[in-house]
Amino acid sequence: MLVEQIRGNLADGAWRPANTDVLRLDQWEAQKRRLRKLTDGGVDIALSLDRGTRLRDGDVLWADEGGDSIIVARLEFGEVMLVDLPRRDADGALRAAVELGHAIGDQHWPAVVKGGQVLVPVTLDREVMDSVMRSHAFTGISHRFVPGTDVIAYLAPQDADRLWGTR
């Protein structure tokens, strides 16, 4: 089945299908405009989307005439280490940011800054990343691991590309 355009998104609220088949895409597959893959139900899907079209979780790729049966994209993003920067005076905040930047840069980990948090994709074993963070003994900086789906809605496309893309 050739899919050349997205029909809508489940979040629109307009879709009330009786039957839903799912095309599961990982964080790298979701960035491709051209892709061939089987749905959970065994339907062979060939994506050929226009340049600039970005798949979002819940995108409806196909629907029968009445909308009773649909095929929907489900995006599976990897985990993110969420680092909370301390809220303190300007000098202390700058010091903490520079120290964290040095540690993250030394590991060659991509990062995105959003508000008072730094998001780092989990590219190694969580225990290794946790060990690196603890070994620096940052003052006032805490970190935790969260599913990528918890943060994707708050990210601009270029931020998602930085975390899970090829940049």
# chains A, B, ... in the order shown; residues from 1 in each chain; ligands from 1
$ residues_around --residues "range 106-116 of chain A" --least-positions-apart "3" --cutoff "12 Å" --atoms "only C-alpha atoms" --output "PyMOL selection string"
chain A and resi 80-88+93-94+96-103+119-124+128-129+132-133+136+141-142+151-152+154-167
$ residues_around --residues "Ala18 in chain A" --least-positions-apart "6" --cutoff "12 Å" --atoms "only C-alpha atoms" --output "PDB file with all heavy atoms, in the first residue's frame"
ATOM      1  N   ALA A  63      -7.201   5.288   5.715  1.00  0.00           N
ATOM      2  CA  ALA A  63      -8.524   5.056   6.304  1.00  0.00           C
ATOM      3  C   ALA A  63      -9.449   4.564   5.206  1.00  0.00           C
ATOM      4  O   ALA A  63      -9.365   5.022   4.058  1.00  0.00           O
ATOM      5  CB  ALA A  63      -9.074   6.335   6.917  1.00  0.00           C
ATOM      6  N   ASP A  64     -10.329   3.624   5.565  1.00  0.00           N
ATOM      7  CA  ASP A  64     -11.329   3.210   4.582  1.00  0.00           C
ATOM      8  C   ASP A  64     -12.332   4.351   4.398  1.00  0.00           C
ATOM      9  O   ASP A  64     -12.270   5.372   5.091  1.00  0.00           O
ATOM     10  CB  ASP A  64     -12.003   1.898   4.968  1.00  0.00           C
ATOM     11  CG  ASP A  64     -12.853   1.980   6.225  1.00  0.00           C
ATOM     12  OD1 ASP A  64     -12.992   3.079   6.791  1.00  0.00           O
ATOM     13  OD2 ASP A  64     -13.382   0.936   6.638  1.00  0.00           O
ATOM     14  N   GLY A  66     -15.373   4.999   5.201  1.00  0.00           N
ATOM     15  CA  GLY A  66     -16.146   5.464   6.345  1.00  0.00           C
ATOM     16  C   GLY A  66     -15.307   5.807   7.565  1.00  0.00           C
ATOM     17  O   GLY A  66     -15.835   6.275   8.572  1.00  0.00           O
ATOM     18  N   GLY A  67     -14.014   5.554   7.497  1.00  0.00           N
ATOM     19  CA  GLY A  67     -13.130   5.817   8.629  1.00  0.00           C
ATOM     20  C   GLY A  67     -13.253   4.789   9.739  1.00  0.00           C
ATOM     21  O   GLY A  67     -12.804   5.020  10.853  1.00  0.00           O
ATOM     22  N   ASP A  68     -13.876   3.641   9.421  1.00  0.00           N
ATOM     23  CA  ASP A  68     -14.041   2.587  10.429  1.00  0.00           C
ATOM     24  C   ASP A  68     -12.767   1.780  10.649  1.00  0.00           C
ATOM     25  O   ASP A  68     -12.547   1.237  11.720  1.00  0.00           O
ATOM     26  CB  ASP A  68     -15.184   1.644  10.034  1.00  0.00           C
ATOM     27  CG  ASP A  68     -16.539   2.331  10.054  1.00  0.00           C
ATOM     28  OD1 ASP A  68     -16.737   3.208  10.916  1.00  0.00           O
ATOM     29  OD2 ASP A  68     -17.385   1.997   9.203  1.00  0.00           O
ATOM     30  N   SER A  69     -11.957   1.682   9.605  1.00  0.00           N
ATOM     31  CA  SER A  69     -10.677   0.985   9.693  1.00  0.00           C
ATOM     32  C   SER A  69      -9.584   1.961   9.291  1.00  0.00           C
ATOM     33  O   SER A  69      -9.704   2.647   8.273  1.00  0.00           O
ATOM     34  CB  SER A  69     -10.646  -0.231   8.766  1.00  0.00           C
ATOM     35  OG  SER A  69     -11.573  -1.197   9.180  1.00  0.00           O
ATOM     36  N   ILE A  70      -8.532   2.011  10.105  1.00  0.00           N
ATOM     37  CA  ILE A  70      -7.434   2.932   9.818  1.00  0.00           C
ATOM     38  C   ILE A  70      -6.093   2.245  10.063  1.00  0.00           C
ATOM     39  O   ILE A  70      -6.020   1.236  10.757  1.00  0.00           O
ATOM     40  CB  ILE A  70      -7.505   4.222  10.672  1.00  0.00           C
ATOM     41  CG1 ILE A  70      -7.339   3.910  12.168  1.00  0.00           C
ATOM     42  CG2 ILE A  70      -8.802   4.989  10.408  1.00  0.00           C
ATOM     43  CD1 ILE A  70      -7.211   5.158  13.043  1.00  0.00           C
ATOM     44  N   ILE A  71      -5.066   2.851   9.484  1.00  0.00           N
ATOM     45  CA  ILE A  71      -3.682   2.485   9.811  1.00  0.00           C
ATOM     46  C   ILE A  71      -3.050   3.744  10.381  1.00  0.00           C
ATOM     47  O   ILE A  71      -3.110   4.819   9.768  1.00  0.00           O
ATOM     48  CB  ILE A  71      -2.904   1.984   8.588  1.00  0.00           C
ATOM     49  CG1 ILE A  71      -3.547   0.698   8.051  1.00  0.00           C
ATOM     50  CG2 ILE A  71      -1.434   1.759   8.950  1.00  0.00           C
ATOM     51  CD1 ILE A  71      -2.920   0.175   6.773  1.00  0.00           C
TER      52      ILE A  71
END
$ residues_around --residues "Asp26 in chain A" --least-positions-apart "3" --cutoff "10 Å" --atoms "only C-alpha atoms" --output "JSON, numbers by chain"
{"A": [29, 30, 31, 74, 75, 76, 77, 78, 164]}
$ select_by_dssp --residues "chain A" --states "helix (DSSP H, G or I)" --output "ChimeraX atom specification"
/A:10-12,29-31,90-106,126-135,148-150,152-154,157-164
$ write_last_selection --atoms "C-alpha atoms" --output "mmCIF file, in the first residue's frame"
data_model
loop_
_atom_site.group_PDB
_atom_site.id
_atom_site.type_symbol
_atom_site.label_atom_id
_atom_site.label_comp_id
_atom_site.auth_asym_id
_atom_site.auth_seq_id
_atom_site.Cartn_x
_atom_site.Cartn_y
_atom_site.Cartn_z
ATOM 1 C CA LEU A 10 -5.797 10.669 16.234
ATOM 2 C CA ALA A 11 -5.343 13.722 18.477
ATOM 3 C CA ASP A 12 -7.680 15.666 16.168
ATOM 4 C CA GLU A 29 12.525 5.564 10.841
ATOM 5 C CA ALA A 30 10.115 8.345 11.837
ATOM 6 C CA GLN A 31 12.374 10.933 10.195
ATOM 7 C CA ALA A 90 23.481 34.221 37.827
ATOM 8 C CA ASP A 91 27.110 33.310 38.627
ATOM 9 C CA GLY A 92 26.118 29.988 40.200
ATOM 10 C CA ALA A 93 23.770 29.108 37.346
ATOM 11 C CA LEU A 94 26.420 29.974 34.762
ATOM 12 C CA ARG A 95 29.039 27.935 36.633
ATOM 13 C CA ALA A 96 26.720 24.914 36.792
ATOM 14 C CA ALA A 97 25.874 25.222 33.081
ATOM 15 C CA VAL A 98 29.545 25.426 32.077
ATOM 16 C CA GLU A 99 30.515 22.450 34.258
ATOM 17 C CA LEU A 100 27.641 20.380 32.882
ATOM 18 C CA GLY A 101 28.447 21.468 29.320
ATOM 19 C CA HIS A 102 32.055 20.424 29.801
ATOM 20 C CA ALA A 103 31.038 16.984 31.093
ATOM 21 C CA ILE A 104 28.430 16.379 28.393
ATOM 22 C CA GLY A 105 30.701 17.702 25.654
ATOM 23 C CA ASP A 106 33.564 15.522 26.879
ATOM 24 C CA ARG A 126 21.691 4.016 31.441
ATOM 25 C CA GLU A 127 24.048 2.821 34.170
ATOM 26 C CA VAL A 128 27.041 4.192 32.269
ATOM 27 C CA MET A 129 25.412 7.585 31.757
ATOM 28 C CA ASP A 130 24.300 7.665 35.385
ATOM 29 C CA SER A 131 27.837 6.794 36.504
ATOM 30 C CA VAL A 132 29.317 9.604 34.402
ATOM 31 C CA MET A 133 26.900 12.111 35.918
ATOM 32 C CA ARG A 134 27.530 10.919 39.481
ATOM 33 C CA SER A 135 31.319 10.904 39.007
ATOM 34 C CA GLY A 148 11.224 10.186 24.896
ATOM 35 C CA THR A 149 7.462 10.229 24.420
ATOM 36 C CA ASP A 150 7.229 12.273 27.642
ATOM 37 C CA ILE A 152 8.587 15.015 22.376
ATOM 38 C CA ALA A 153 5.477 17.215 22.565
ATOM 39 C CA TYR A 154 7.550 20.058 24.064
ATOM 40 C CA PRO A 157 11.404 19.716 15.180
ATOM 41 C CA GLN A 158 15.072 20.772 15.170
ATOM 42 C CA ASP A 159 15.375 19.820 18.860
ATOM 43 C CA ALA A 160 13.934 16.358 18.184
ATOM 44 C CA ASP A 161 16.375 16.017 15.279
ATOM 45 C CA ARG A 162 19.246 16.897 17.583
ATOM 46 C CA LEU A 163 18.184 14.299 20.171
ATOM 47 C CA TRP A 164 17.252 11.421 17.888
#
$ select_by_dssp --residues "chain A" --states "strand (DSSP E)" --output "PyMOL selection string"
chain A and resi 2-3+8-9+19-26+34-38+44-48+59-63+69-76+80-84+112-114+117-121+142-146
$ closest_residue --among "A:Asp89, A:Asp125, A:Asp59, A:Asp44" --to "Ala73 in chain A" --atoms "only C-alpha atoms"
A:Asp59
$ atom_distance --atom1 "CA of Asp21 in chain A" --atom2 "CA of Gly8 in chain A"
15.0 Å
$ closest_residue --among "A:Val3, A:Leu23, A:Val146, A:Val118" --to "Asp50 in chain A" --atoms "only C-alpha atoms"
A:Val3
$ residues_around --residues "Ala46 in chain A" --least-positions-apart "2" --cutoff "9 Å" --atoms "only C-alpha atoms" --output "PyMOL selection string"
chain A and resi 1-4+34-38+44+48
$ write_last_selection --atoms "all heavy atoms" --output "mmCIF file, in the first residue's frame"
data_model
loop_
_atom_site.group_PDB
_atom_site.id
_atom_site.type_symbol
_atom_site.label_atom_id
_atom_site.label_comp_id
_atom_site.auth_asym_id
_atom_site.auth_seq_id
_atom_site.Cartn_x
_atom_site.Cartn_y
_atom_site.Cartn_z
ATOM 1 N N MET A 1 0.846 -1.173 0.000
ATOM 2 C CA MET A 1 0.000 0.000 0.000
ATOM 3 C C MET A 1 0.894 1.239 0.000
ATOM 4 O O MET A 1 1.756 1.382 0.860
ATOM 5 C CB MET A 1 -0.888 -0.006 1.247
ATOM 6 C CG MET A 1 -1.708 1.251 1.419
ATOM 7 S SD MET A 1 -2.682 1.272 2.939
ATOM 8 C CE MET A 1 -3.689 -0.178 2.697
ATOM 9 N N LEU A 2 0.678 2.111 -0.960
ATOM 10 C CA LEU A 2 1.451 3.341 -1.074
ATOM 11 C C LEU A 2 0.758 4.458 -0.290
ATOM 12 O O LEU A 2 -0.423 4.735 -0.504
ATOM 13 C CB LEU A 2 1.593 3.753 -2.545
ATOM 14 C CG LEU A 2 2.335 5.064 -2.820
ATOM 15 C CD1 LEU A 2 3.786 4.980 -2.343
ATOM 16 C CD2 LEU A 2 2.267 5.400 -4.305
ATOM 17 N N VAL A 3 1.506 5.102 0.617
ATOM 18 C CA VAL A 3 0.988 6.223 1.402
ATOM 19 C C VAL A 3 1.791 7.462 1.007
ATOM 20 O O VAL A 3 2.998 7.514 1.239
ATOM 21 C CB VAL A 3 1.103 5.962 2.918
ATOM 22 C CG1 VAL A 3 0.703 7.191 3.707
ATOM 23 C CG2 VAL A 3 0.289 4.756 3.323
ATOM 24 N N GLU A 4 1.090 8.449 0.399
ATOM 25 C CA GLU A 4 1.765 9.659 -0.056
ATOM 26 C C GLU A 4 1.380 10.902 0.737
ATOM 27 O O GLU A 4 2.000 11.946 0.568
ATOM 28 C CB GLU A 4 1.472 9.885 -1.541
ATOM 29 C CG GLU A 4 2.053 8.787 -2.408
ATOM 30 C CD GLU A 4 1.743 8.986 -3.876
ATOM 31 O OE1 GLU A 4 0.548 9.052 -4.230
ATOM 32 O OE2 GLU A 4 2.728 9.068 -4.656
ATOM 33 N N ARG A 34 10.714 8.372 2.933
ATOM 34 C CA ARG A 34 10.506 7.163 2.128
ATOM 35 C C ARG A 34 10.929 5.955 2.968
ATOM 36 O O ARG A 34 12.034 5.907 3.483
ATOM 37 C CB ARG A 34 11.325 7.219 0.850
ATOM 38 C CG ARG A 34 10.964 8.423 -0.001
ATOM 39 C CD ARG A 34 11.546 8.338 -1.384
ATOM 40 N NE ARG A 34 11.402 9.563 -2.134
ATOM 41 C CZ ARG A 34 10.275 10.082 -2.580
ATOM 42 N NH1 ARG A 34 9.153 9.473 -2.313
ATOM 43 N NH2 ARG A 34 10.253 11.202 -3.257
ATOM 44 N N LEU A 35 9.997 5.016 3.042
ATOM 45 C CA LEU A 35 10.228 3.865 3.909
ATOM 46 C C LEU A 35 9.267 2.753 3.518
ATOM 47 O O LEU A 35 8.129 3.020 3.110
ATOM 48 C CB LEU A 35 9.976 4.274 5.365
ATOM 49 C CG LEU A 35 10.029 3.197 6.433
ATOM 50 C CD1 LEU A 35 11.479 2.874 6.773
ATOM 51 C CD2 LEU A 35 9.302 3.656 7.681
ATOM 52 N N ARG A 36 9.687 1.529 3.657
ATOM 53 C CA ARG A 36 8.811 0.382 3.430
ATOM 54 C C ARG A 36 8.880 -0.511 4.654
ATOM 55 O O ARG A 36 9.971 -0.897 5.095
ATOM 56 C CB ARG A 36 9.242 -0.380 2.186
ATOM 57 C CG ARG A 36 8.240 -1.409 1.780
ATOM 58 C CD ARG A 36 8.489 -1.884 0.375
ATOM 59 N NE ARG A 36 7.450 -2.829 0.015
ATOM 60 C CZ ARG A 36 7.358 -3.397 -1.144
ATOM 61 N NH1 ARG A 36 8.247 -3.110 -2.083
ATOM 62 N NH2 ARG A 36 6.397 -4.260 -1.394
ATOM 63 N N LYS A 37 7.695 -0.840 5.203
ATOM 64 C CA LYS A 37 7.650 -1.609 6.435
ATOM 65 C C LYS A 37 6.268 -2.247 6.598
ATOM 66 O O LYS A 37 5.280 -1.725 6.091
ATOM 67 C CB LYS A 37 7.953 -0.687 7.629
ATOM 68 C CG LYS A 37 8.206 -1.414 8.920
ATOM 69 C CD LYS A 37 8.742 -0.471 9.975
ATOM 70 C CE LYS A 37 9.012 -1.287 11.234
ATOM 71 N NZ LYS A 37 9.590 -0.514 12.291
ATOM 72 N N LEU A 38 6.227 -3.328 7.378
ATOM 73 C CA LEU A 38 4.957 -4.000 7.656
ATOM 74 C C LEU A 38 4.305 -3.429 8.909
ATOM 75 O O LEU A 38 4.977 -3.115 9.887
ATOM 76 C CB LEU A 38 5.175 -5.501 7.863
ATOM 77 C CG LEU A 38 5.648 -6.325 6.667
ATOM 78 C CD1 LEU A 38 5.883 -7.771 7.088
ATOM 79 C CD2 LEU A 38 4.655 -6.252 5.523
ATOM 80 N N ASP A 44 1.782 -4.362 4.068
ATOM 81 C CA ASP A 44 3.031 -3.816 3.549
ATOM 82 C C ASP A 44 2.798 -2.350 3.175
ATOM 83 O O ASP A 44 2.052 -2.051 2.250
ATOM 84 C CB ASP A 44 3.469 -4.623 2.324
ATOM 85 C CG ASP A 44 4.850 -4.255 1.818
ATOM 86 O OD1 ASP A 44 5.550 -3.462 2.484
ATOM 87 O OD2 ASP A 44 5.232 -4.775 0.756
ATOM 88 N N SER A 48 5.865 7.435 0.962
ATOM 89 C CA SER A 48 6.511 8.332 0.012
ATOM 90 C C SER A 48 5.903 9.711 0.234
ATOM 91 O O SER A 48 4.998 10.140 -0.475
ATOM 92 C CB SER A 48 6.265 7.852 -1.427
ATOM 93 O OG SER A 48 6.910 8.721 -2.335
#
$ closest_residue --among "A:Asn9, A:Val72, A:Pro17, A:His143" --to "Gly41 in chain A" --atoms "only C-alpha atoms"
A:Val72
$ decode --residues "range 17-155 of chain A" --atoms "C-alpha atoms" --output "CSV table (one decimal), in the first residue's frame"
chain,number,residue,atom,x,y,z
A,17,PRO,CA,-12.3,3.7,14.1
A,18,ALA,CA,-13.6,0.3,14.9
A,19,ASN,CA,-10.4,-1.3,13.7
A,20,THR,CA,-6.9,0.1,14.0
A,21,ASP,CA,-3.7,-1.3,12.5
A,22,VAL,CA,-0.4,0.1,13.7
A,23,LEU,CA,2.8,1.0,11.8
A,24,ARG,CA,5.5,1.2,14.5
A,25,LEU,CA,8.4,3.4,13.7
A,26,ASP,CA,11.5,4.0,15.8
A,27,GLN,CA,13.1,7.4,16.2
A,28,TRP,CA,15.2,7.1,13.1
A,29,GLU,CA,12.5,5.6,10.8
A,30,ALA,CA,10.1,8.3,11.8
A,31,GLN,CA,12.4,10.9,10.2
A,32,LYS,CA,12.4,9.3,6.8
A,33,ARG,CA,10.1,10.4,4.0
A,34,ARG,CA,10.5,7.2,2.1
A,35,LEU,CA,10.2,3.9,3.9
A,36,ARG,CA,8.8,0.4,3.4
A,37,LYS,CA,7.7,-1.6,6.4
A,38,LEU,CA,5.0,-4.0,7.7
A,39,THR,CA,2.2,-3.0,10.1
A,40,ASP,CA,1.4,-5.0,13.1
A,41,GLY,CA,-1.4,-6.6,11.1
A,42,GLY,CA,1.0,-7.5,8.2
A,43,VAL,CA,0.1,-4.8,5.7
A,44,ASP,CA,3.0,-3.8,3.5
A,45,ILE,CA,3.3,0.0,3.7
A,46,ALA,CA,5.4,2.1,1.4
A,47,LEU,CA,5.7,5.7,2.6
A,48,SER,CA,6.5,8.3,0.0
A,49,LEU,CA,5.8,11.7,1.7
A,50,ASP,CA,6.5,15.2,0.4
A,51,ARG,CA,9.6,17.0,1.5
A,52,GLY,CA,9.1,18.8,4.7
A,53,THR,CA,6.4,16.4,5.9
A,54,ARG,CA,7.1,15.1,9.4
A,55,LEU,CA,5.4,12.1,10.8
A,56,ARG,CA,3.9,12.5,14.3
A,57,ASP,CA,2.7,9.9,16.7
A,58,GLY,CA,-0.9,9.1,15.9
A,59,ASP,CA,-0.8,10.2,12.3
A,60,VAL,CA,-3.5,8.4,10.2
A,61,LEU,CA,-1.8,6.9,7.2
A,62,TRP,CA,-4.8,5.2,5.6
A,63,ALA,CA,-8.5,5.1,6.3
A,64,ASP,CA,-11.3,3.2,4.6
A,65,GLU,CA,-14.1,5.3,3.1
A,66,GLY,CA,-16.1,5.5,6.3
A,67,GLY,CA,-13.1,5.8,8.6
A,68,ASP,CA,-14.0,2.6,10.4
A,69,SER,CA,-10.7,1.0,9.7
A,70,ILE,CA,-7.4,2.9,9.8
A,71,ILE,CA,-3.7,2.5,9.8
A,72,VAL,CA,-1.9,4.8,12.3
A,73,ALA,CA,1.7,5.6,12.9
A,74,ARG,CA,3.1,5.0,16.4
A,75,LEU,CA,6.5,6.6,17.0
A,76,GLU,CA,8.7,5.0,19.6
A,77,PHE,CA,11.4,7.4,20.8
A,78,GLY,CA,14.3,6.3,22.9
A,79,GLU,CA,14.8,7.4,26.5
A,80,VAL,CA,16.2,10.8,27.5
A,81,MET,CA,18.3,11.8,30.4
A,82,LEU,CA,16.7,14.9,31.9
A,83,VAL,CA,19.1,17.1,33.8
A,84,ASP,CA,17.7,19.8,36.1
A,85,LEU,CA,19.9,22.8,36.4
A,86,PRO,CA,19.9,24.6,39.7
A,87,ARG,CA,17.9,27.8,40.1
A,88,ARG,CA,20.4,30.2,41.8
A,89,ASP,CA,22.2,33.4,41.3
A,90,ALA,CA,23.5,34.2,37.8
A,91,ASP,CA,27.1,33.3,38.6
A,92,GLY,CA,26.1,30.0,40.2
A,93,ALA,CA,23.8,29.1,37.3
A,94,LEU,CA,26.4,30.0,34.8
A,95,ARG,CA,29.0,27.9,36.6
A,96,ALA,CA,26.7,24.9,36.8
A,97,ALA,CA,25.9,25.2,33.1
A,98,VAL,CA,29.5,25.4,32.1
A,99,GLU,CA,30.5,22.4,34.3
A,100,LEU,CA,27.6,20.4,32.9
A,101,GLY,CA,28.4,21.5,29.3
A,102,HIS,CA,32.1,20.4,29.8
A,103,ALA,CA,31.0,17.0,31.1
A,104,ILE,CA,28.4,16.4,28.4
A,105,GLY,CA,30.7,17.7,25.7
A,106,ASP,CA,33.6,15.5,26.9
A,107,GLN,CA,31.3,12.5,26.3
A,108,HIS,CA,30.2,13.8,22.9
A,109,TRP,CA,26.6,13.6,23.9
A,110,PRO,CA,24.1,15.7,21.9
A,111,ALA,CA,22.0,17.9,24.1
A,112,VAL,CA,19.1,20.3,24.0
A,113,VAL,CA,18.4,23.0,26.5
A,114,LYS,CA,14.8,23.8,27.4
A,115,GLY,CA,14.2,26.2,30.1
A,116,GLY,CA,16.1,25.1,33.2
A,117,GLN,CA,16.6,21.6,31.9
A,118,VAL,CA,19.1,19.8,29.6
A,119,LEU,CA,17.8,16.8,27.6
A,120,VAL,CA,20.4,14.2,26.5
A,121,PRO,CA,19.4,11.1,24.5
A,122,VAL,CA,20.3,7.8,26.1
A,123,THR,CA,22.9,6.6,23.7
A,124,LEU,CA,24.7,4.2,26.1
A,125,ASP,CA,23.6,2.0,28.8
A,126,ARG,CA,21.7,4.0,31.4
A,127,GLU,CA,24.0,2.8,34.2
A,128,VAL,CA,27.0,4.2,32.3
A,129,MET,CA,25.4,7.6,31.8
A,130,ASP,CA,24.3,7.7,35.4
A,131,SER,CA,27.8,6.8,36.5
A,132,VAL,CA,29.3,9.6,34.4
A,133,MET,CA,26.9,12.1,35.9
A,134,ARG,CA,27.5,10.9,39.5
A,135,SER,CA,31.3,10.9,39.0
A,136,HIS,CA,31.3,14.7,38.4
A,137,ALA,CA,29.5,15.3,41.7
A,138,PHE,CA,27.7,18.4,40.4
A,139,THR,CA,26.4,20.6,43.1
A,140,GLY,CA,22.6,21.2,42.8
A,141,ILE,CA,22.3,19.4,39.5
A,142,SER,CA,20.0,16.4,39.4
A,143,HIS,CA,19.2,14.0,36.6
A,144,ARG,CA,16.7,11.3,35.8
A,145,PHE,CA,15.7,9.1,32.9
A,146,VAL,CA,12.4,9.5,31.1
A,147,PRO,CA,10.7,8.1,28.0
A,148,GLY,CA,11.2,10.2,24.9
A,149,THR,CA,7.5,10.2,24.4
A,150,ASP,CA,7.2,12.3,27.6
A,151,VAL,CA,9.2,15.1,26.1
A,152,ILE,CA,8.6,15.0,22.4
A,153,ALA,CA,5.5,17.2,22.6
A,154,TYR,CA,7.5,20.1,24.1
A,155,LEU,CA,10.3,20.0,21.4
